[in-house]
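Shown here: upload_19.tsv, TSV, C-alpha atoms.
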chain	number	residue	atom	x	y	z
A	16	MET	CA	0.00	0.00	0.00
A	17	THR	CA	1.38	3.42	-0.94
A	18	ALA	CA	1.26	6.42	1.38
A	19	ALA	CA	-1.39	7.96	-0.87
A	20	GLN	CA	-3.64	4.93	-0.31
A	21	MET	CA	-3.27	4.85	3.47
A	22	SER	CA	-5.77	6.21	5.95
A	23	THR	CA	-4.45	9.05	8.06
A	24	GLU	CA	-4.13	6.64	11.00
A	25	ASP	CA	-2.10	4.15	8.95
A	26	PHE	CA	0.05	6.96	7.58
A	27	VAL	CA	0.80	8.21	11.09
A	28	ARG	CA	1.74	4.69	12.20
A	29	GLU	CA	4.12	4.42	9.25
A	30	ALA	CA	5.66	7.91	9.37
A	31	CYS	CA	5.99	8.70	13.07
A	32	PRO	CA	8.44	5.89	13.95
A	33	LEU	CA	10.76	7.15	11.21
A	34	ILE	CA	10.58	10.66	12.66
A	35	GLY	CA	11.00	9.39	16.21
A	36	ASN	CA	14.10	7.39	15.36
A	37	SER	CA	15.71	10.22	13.36
A	38	GLY	CA	14.95	13.40	15.30
A	39	TRP	CA	17.50	12.78	18.04
A	40	ALA	CA	20.38	11.87	15.70
A	41	TYR	CA	22.34	15.08	16.30
A	42	TYR	CA	22.05	15.12	20.10
A	43	PHE	CA	25.44	13.55	20.77
A	44	ALA	CA	27.18	14.08	17.42
A	45	PRO	CA	30.79	15.34	17.70
A	46	HIS	CA	29.96	18.85	16.50
A	47	THR	CA	27.11	19.07	19.03
A	48	GLN	CA	29.36	17.95	21.85
A	49	ALA	CA	31.97	20.46	20.73
A	50	LYS	CA	29.41	23.27	20.85
A	51	GLY	CA	28.37	22.22	24.34
A	52	ALA	CA	32.00	22.28	25.46
A	53	GLU	CA	32.39	25.74	23.90
A	54	LEU	CA	29.49	26.90	26.07
A	55	GLY	CA	31.09	25.31	29.15
A	56	LEU	CA	28.43	22.63	29.44
A	57	VAL	CA	29.46	19.11	30.47
A	58	GLY	CA	27.84	15.68	30.62
A	59	MET	CA	24.10	15.93	30.00
A	60	GLU	CA	23.98	19.70	30.43
A	61	PHE	CA	23.89	20.68	26.76
A	62	TYR	CA	21.41	17.95	25.89
A	63	VAL	CA	19.03	19.09	28.63
A	64	ALA	CA	19.61	22.85	28.32
A	65	GLY	CA	19.60	22.70	24.54
A	66	ARG	CA	16.53	20.57	24.09
A	67	GLY	CA	14.68	22.38	26.88
A	68	GLY	CA	16.07	25.83	26.13
A	69	PRO	CA	12.98	27.11	24.29
A	70	LEU	CA	11.09	26.78	27.61
A	71	GLY	CA	13.10	29.68	28.99
A	72	ASP	CA	14.25	30.14	32.57
A	73	CYS	CA	11.85	27.76	34.29
A	74	ASP	CA	12.46	25.68	37.40
A	75	GLY	CA	14.14	22.30	37.08
A	76	ALA	CA	10.97	20.55	38.22
A	77	ALA	CA	9.04	22.13	35.34
A	78	LEU	CA	11.73	21.08	32.89
A	79	ALA	CA	11.63	17.52	34.22
A	80	SER	CA	7.87	17.34	33.75
A	81	ALA	CA	8.17	18.51	30.15
A	82	PHE	CA	10.83	15.89	29.40
A	83	GLY	CA	9.24	12.98	31.27
A	84	TYR	CA	10.95	9.57	31.49
A	85	PHE	CA	14.01	10.82	33.39
A	86	ASN	CA	14.34	10.76	37.13
A	87	PRO	CA	13.65	14.46	37.84
A	88	ALA	CA	16.84	14.65	39.88
A	89	VAL	CA	18.77	13.83	36.69
A	90	SER	CA	17.07	16.05	34.11
A	91	GLY	CA	16.14	18.82	36.53
A	92	GLY	CA	19.58	18.73	38.12
A	93	ALA	CA	21.37	19.00	34.76
A	94	TRP	CA	19.05	21.87	33.83
A	95	GLU	CA	19.79	23.83	36.99
A	96	SER	CA	23.55	23.36	36.67
A	97	ALA	CA	23.48	24.28	32.97
A	98	LYS	CA	21.42	27.43	33.34
A	99	ALA	CA	23.86	28.67	35.99
A	100	LYS	CA	26.36	28.85	33.11
A	101	VAL	CA	24.28	29.68	30.02
A	102	SER	CA	20.89	31.28	29.44
A	103	PRO	CA	18.41	28.55	28.45
A	104	ARG	CA	17.28	30.44	25.35
A	105	VAL	CA	20.91	30.82	24.23
A	106	ALA	CA	21.52	27.11	24.77
A	107	GLY	CA	18.31	26.23	22.97
A	108	LYS	CA	19.16	28.29	19.89
A	109	ALA	CA	22.68	26.81	19.81
A	110	HIS	CA	21.26	23.31	20.06
A	111	LEU	CA	18.81	23.90	17.22
A	112	GLU	CA	21.66	25.25	15.10
A	113	CYS	CA	23.59	22.03	15.82
A	114	CYS	CA	20.53	20.22	14.51
A	115	ALA	CA	20.65	22.24	11.29
A	116	GLU	CA	24.38	21.59	10.94
A	117	HIS	CA	23.76	17.87	11.24
A	118	GLY	CA	21.27	18.13	8.40
A	119	ARG	CA	23.80	19.94	6.25
A	120	ASN	CA	26.37	17.25	6.98
A	121	LYS	CA	24.07	14.30	6.34
A	122	LEU	CA	21.12	15.27	4.15
A	123	SER	CA	22.45	17.55	1.41
A	124	ASN	CA	22.38	14.86	-1.29
A	125	ILE	CA	18.85	13.59	-0.69
A	126	ALA	CA	16.57	13.87	-3.71
A	127	GLY	CA	13.13	15.33	-3.12
A	128	LEU	CA	14.15	17.18	0.03
A	129	ALA	CA	12.21	20.31	-0.94
A	130	ALA	CA	9.00	18.30	-1.22
A	131	PHE	CA	9.61	16.69	2.18
A	132	VAL	CA	10.27	20.07	3.78
A	133	ALA	CA	7.07	21.49	2.30
A	134	ALA	CA	5.07	18.58	3.67
A	135	ALA	CA	6.76	18.64	7.08
A	136	ASP	CA	6.23	22.41	7.33
A	137	ALA	CA	2.53	21.86	6.61
A	138	VAL	CA	2.26	19.30	9.43
A	139	ASN	CA	4.12	21.55	11.87
A	140	ASN	CA	1.99	24.56	10.96
A	141	ALA	CA	-1.22	22.56	11.40
A	142	ALA	CA	-0.29	20.97	14.73
A	143	ASP	CA	-2.15	22.25	17.79
A	144	PRO	CA	0.43	22.86	20.56
A	145	ASP	CA	-2.10	23.20	23.40
A	146	GLY	CA	-0.99	21.08	26.36
A	147	LEU	CA	2.15	19.87	24.56
A	148	THR	CA	4.77	21.66	26.63
A	149	LEU	CA	8.06	20.80	24.97
A	150	TYR	CA	6.63	20.88	21.45
A	151	ALA	CA	4.83	24.17	22.11
A	152	ALA	CA	8.13	25.72	23.14
A	153	ILE	CA	10.25	24.50	20.25
A	154	LYS	CA	7.51	25.38	17.75
A	155	THR	CA	8.09	29.05	18.58
A	156	GLU	CA	11.73	28.90	17.48
A	157	PRO	CA	12.58	30.13	13.96
A	158	LEU	CA	13.96	27.47	11.65
A	159	VAL	CA	16.74	27.88	9.10
A	160	SER	CA	15.93	28.40	5.44
A	161	ASP	CA	18.37	26.00	3.74
A	162	LEU	CA	16.78	22.68	2.83
A	163	PRO	CA	19.06	20.14	4.59
A	164	GLY	CA	19.22	22.20	7.78
A	165	ARG	CA	15.49	22.85	7.84
A	166	ALA	CA	14.67	19.23	7.05
A	167	MET	CA	16.63	18.02	10.07
A	168	GLN	CA	15.11	20.68	12.29
A	169	LEU	CA	11.59	19.76	11.19
A	170	VAL	CA	12.23	16.10	11.91
A	171	THR	CA	13.35	17.08	15.41
A	172	VAL	CA	10.39	19.40	15.96
A	173	LEU	CA	7.88	16.78	14.79
A	174	ARG	CA	9.55	14.24	17.06
A	175	GLU	CA	8.75	16.56	19.95
A	176	LEU	CA	5.15	16.79	18.71
A	177	ARG	CA	4.54	13.09	19.13
A	178	GLY	CA	6.70	12.85	22.24
A	179	SER	CA	4.72	15.56	24.01
A	180	ALA	CA	1.43	14.03	22.87
A	181	HIS	CA	2.57	10.66	24.17
A	182	LEU	CA	3.11	12.04	27.67
A	183	LEU	CA	-0.50	13.24	27.65
A	184	ALA	CA	-1.72	9.87	26.37
A	185	LEU	CA	0.18	8.00	29.07
A	186	ARG	CA	-1.41	10.11	31.79
A	187	ALA	CA	-4.84	9.58	30.23
A	188	MET	CA	-4.24	5.85	30.58
A	189	GLY	CA	-3.12	6.21	34.19
A	190	ILE	CA	0.56	5.54	33.44
A	191	ASP	CA	3.44	7.72	34.60
A	192	SER	CA	6.37	8.13	32.23
A	193	LYS	CA	8.78	6.31	34.55
A	194	THR	CA	6.59	3.21	34.35
A	195	ALA	CA	6.31	3.56	30.59
A	196	HIS	CA	10.08	3.73	30.35
A	197	PHE	CA	10.47	0.47	32.25
A	198	VAL	CA	8.04	-1.18	29.84
A	199	LYS	CA	9.38	0.21	26.56
A	200	ARG	CA	13.11	0.63	27.19
A	201	PRO	CA	14.08	-1.48	30.21
A	202	ASN	CA	17.74	-1.50	29.19
A	203	ASP	CA	17.92	2.30	29.39
A	204	VAL	CA	16.36	2.96	32.78
A	205	LYS	CA	19.67	3.27	34.66
A	206	MET	CA	20.86	5.87	32.16
A	207	PHE	CA	17.69	7.82	32.92
A	208	GLY	CA	18.38	7.79	36.65
A	209	TRP	CA	16.19	4.92	37.83
A	210	THR	CA	17.19	1.86	39.85
A	211	GLU	CA	15.82	-1.64	40.23
A	212	ALA	CA	14.02	-0.45	43.33
A	213	ASP	CA	11.96	1.88	41.11
A	214	ALA	CA	10.74	-0.94	38.86
A	215	PRO	CA	6.93	-1.19	38.60
A	216	VAL	CA	4.87	-4.34	38.36
A	217	ILE	CA	4.48	-5.01	34.66
A	218	ASP	CA	1.37	-7.08	34.04
A	219	ASP	CA	-1.10	-7.67	31.22
A	220	ASP	CA	-3.26	-4.74	32.32
A	221	LEU	CA	-0.32	-2.34	32.14
A	222	ARG	CA	0.74	-3.63	28.74
A	223	ALA	CA	-2.81	-3.22	27.44
A	224	ARG	CA	-2.92	0.36	28.69
A	225	MET	CA	0.45	1.02	27.03
A	226	VAL	CA	-1.01	-0.15	23.72
A	227	ALA	CA	-4.00	2.12	24.29
A	228	ALA	CA	-1.65	5.03	25.01
A	229	GLU	CA	0.15	4.49	21.71
A	230	GLU	CA	-3.18	4.46	19.89
A	231	LEU	CA	-4.31	7.62	21.64
A	232	THR	CA	-1.01	9.32	20.79
A	233	ASP	CA	-1.59	8.58	17.12
A	234	LYS	CA	-5.08	10.07	17.39
A	235	LEU	CA	-3.70	13.22	19.02
A	236	VAL	CA	-1.21	13.89	16.21
A	237	ALA	CA	-3.39	12.63	13.35
A	238	PRO	CA	-5.14	15.99	12.68
A	239	ALA	CA	-1.78	17.62	11.91
A	240	TYR	CA	-0.76	14.87	9.51
A	241	GLY	CA	-4.26	14.82	8.09
A	242	VAL	CA	-3.69	18.12	6.28
A	243	LEU	CA	-1.44	16.36	3.77
A	244	ASN	CA	-2.96	15.39	0.44
A	245	ALA	CA	-2.04	12.15	-1.35
A	246	GLN	CA	1.05	13.59	-3.06
A	247	ALA	CA	2.27	15.30	0.09
A	248	ARG	CA	1.96	12.02	2.00
A	249	GLU	CA	4.10	10.31	-0.61
A	250	ASP	CA	6.63	13.15	-0.40
A	251	PHE	CA	6.71	13.06	3.39
A	252	LEU	CA	7.12	9.30	3.68
A	253	ALA	CA	9.74	9.05	0.92
A	254	GLY	CA	11.66	11.91	2.50
A	255	ALA	CA	11.44	10.46	6.00
A	256	GLN	CA	12.72	7.10	4.73
A	257	ALA	CA	15.60	8.72	2.86
A	258	ILE	CA	16.50	10.86	5.88
A	259	ALA	CA	16.53	7.81	8.15
A	260	ALA	CA	18.83	5.99	5.75
A	261	ALA	CA	21.16	8.97	5.39
A	262	LEU	CA	21.42	9.49	9.13
A	263	ALA	CA	22.21	5.81	9.66
A	264	SER	CA	25.02	5.80	7.08

Could you write out this file's structure as structure tokens?
Amino acid sequence: MTAAQMSTEDFVREACPLIGNSGWAYYFAPHTQAKGAELGLVGMEFYVAGRGGPLGDCDGAALASAFGYFNPAVSGGAWESAKAKVSPRVAGKAHLECCAEHGRNKLSNIAGLAAFVAAADAVNNAADPDGLTLYAAIKTEPLVSDLPGRAMQLVTVLRELRGSAHLLALRAMGIDSKTAHFVKRPNDVKMFGWTEADAPVIDDDLRARMVAAEELTDKLVAPAYGVLNAQAREDFLAGAQAIAAALAS
């Protein structure tokens, strides 16, 4: 089935995993780490202050709630130590520029990039940011005009769209993000600041609610993707697939 033949729901299920797996690709790239070091940020500080920078000078607890998944002592602590060195908005703009630079390094030779950017811009413009804290913040940031840089930035921004929507969906299903993290990425929980003592009981009921949360997340983002016509869906999916391949190479 082609993208043009898919329902909006099927299209979202096909496209969003590509976006989710690609949007973070620049986070720990050498040039991003070098920029963090230039700003005097160490460890997780540039990741947290850069990704959260569009939120402005909020408290670490607010930052942690926007990120989810992390032990708040980890994400909130890195935020507080980072903003003692660099203004969050400065860090955020620097981080988004690192994103654009990654696109220039990796995506410049992709055919059809202009069509992907047009489609991704349409989705971003149509998305309702209400209640989607991290996405709402990054959506206010201006994006670069060159195609490879803008393509990478849009992938990152749309990743935050679904990520923020997923936090809402988890809460609607009575699941906190720590519990979701233990279910979905059990091998990463220590990196996110959790210990074995924090592990929840994972039973069939929880797994069923996790499935329901994924379905609700797709419904929350579907109106934004629903603005694409048949050709734009083809352009978006082909571009997202090519971007994923280029970033993996």

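Minimum atom-to-atom distance to Leu185 in chain A, evaluated using only C-alpha atoms, belongs to A:Gly83 out of A:Gly83, A:Gly65, A:Gly208, A:Pro238.
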
Find the residues with any atom within 12 Å of (-0.8, 21.1, 22.7); use all atoms listed in the file and the coordinates as given in the file, and write the answer as a short mmCIF file (atom, residue, chain, number, x, y, z; two decimals) with C-alpha atoms, in the frame of the given file.
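Listing of part-v1.cif after writing:
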data_model
loop_
_atom_site.label_atom_id
_atom_site.label_comp_id
_atom_site.auth_asym_id
_atom_site.auth_seq_id
_atom_site.Cartn_x
_atom_site.Cartn_y
_atom_site.Cartn_z
CA ALA A 81 8.17 18.51 30.15
CA ASN A 139 4.12 21.55 11.87
CA ALA A 141 -1.22 22.56 11.40
CA ALA A 142 -0.29 20.97 14.73
CA ASP A 143 -2.15 22.25 17.79
CA PRO A 144 0.43 22.86 20.56
CA ASP A 145 -2.10 23.20 23.40
CA GLY A 146 -0.99 21.08 26.36
CA LEU A 147 2.15 19.87 24.56
CA THR A 148 4.77 21.66 26.63
CA LEU A 149 8.06 20.80 24.97
CA TYR A 150 6.63 20.88 21.45
CA ALA A 151 4.83 24.17 22.11
CA ALA A 152 8.13 25.72 23.14
CA ILE A 153 10.25 24.50 20.25
CA LYS A 154 7.51 25.38 17.75
CA GLU A 175 8.75 16.56 19.95
CA LEU A 176 5.15 16.79 18.71
CA ARG A 177 4.54 13.09 19.13
CA GLY A 178 6.70 12.85 22.24
CA SER A 179 4.72 15.56 24.01
CA ALA A 180 1.43 14.03 22.87
CA HIS A 181 2.57 10.66 24.17
CA LEU A 182 3.11 12.04 27.67
CA LEU A 183 -0.50 13.24 27.65
CA ALA A 184 -1.72 9.87 26.37
CA THR A 232 -1.01 9.32 20.79
CA LEU A 235 -3.70 13.22 19.02
CA VAL A 236 -1.21 13.89 16.21
CA ALA A 239 -1.78 17.62 11.91
#

Might you pull out every residue within 8 Å of Ala79 in chain A, with all atoms listed in the file counted and same-chain residues fewer than 5 positions away left off, and present them as a VMD selection string?
chain A and resid 85 to 87 90 to 91

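Proximity of A:Val138, A:His196, A:Asp25, A:Ser37 to Lys121 in chain A, computed with only C-alpha atoms, is greatest for A:Ser37.
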
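Of note, CA of Ile190 in chain A and CA of Ala30 in chain A are spaced 24.7 Å apart.
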
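Atom to atom, CA of Ala263 in chain A and CA of Asn36 in chain A stand 10.0 Å apart.
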
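Compared by their closest atoms to Gln246 in chain A, and using only C-alpha atoms, the residues A:Ala133, A:Ala259, A:Phe82, A:Asp219 rank with A:Ala133 nearest.
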
Could you pull the residues within 12 Å of Asp161 in chain A, counting all atoms listed in the file, minus those fewer than 6 positions along the same chain, as a ChimeraX atom specification?
/A:112,115-116,118-119,122-123,128-129,132,167-169

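Take the candidates A:Leu262, A:Ala106, A:Ala97, A:Val57 and check each one against Gly75 in chain A using all atoms listed in the file; the shortest distance goes to A:Ala97.
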
Which polymer residues have any atom within 10 Å of an atom of Glu156 in chain A, counting all atoms listed in the file, with same-chain residues fewer than 3 positions away left out, as number ranges by chain?
A: 69, 104, 107-108, 111, 151-153, 159, 172

Output file for the selection above: C-alpha atoms, as a PDB file, keeping the file's coordinate frame:
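Produced file again.pdb, reproduced below:
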ATOM      1  CA  PRO A  69      12.980  27.110  24.290  1.00  0.00           C
ATOM      2  CA  ARG A 104      17.280  30.440  25.350  1.00  0.00           C
ATOM      3  CA  GLY A 107      18.310  26.230  22.970  1.00  0.00           C
ATOM      4  CA  LYS A 108      19.160  28.290  19.890  1.00  0.00           C
ATOM      5  CA  LEU A 111      18.810  23.900  17.220  1.00  0.00           C
ATOM      6  CA  ALA A 151       4.830  24.170  22.110  1.00  0.00           C
ATOM      7  CA  ALA A 152       8.130  25.720  23.140  1.00  0.00           C
ATOM      8  CA  ILE A 153      10.250  24.500  20.250  1.00  0.00           C
ATOM      9  CA  VAL A 159      16.740  27.880   9.100  1.00  0.00           C
ATOM     10  CA  VAL A 172      10.390  19.400  15.960  1.00  0.00           C
TER      11      VAL A 172
END

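Between CA of Ala19 in chain A and CA of Gln256 in chain A the interatomic distance comes to 15.2 Å.
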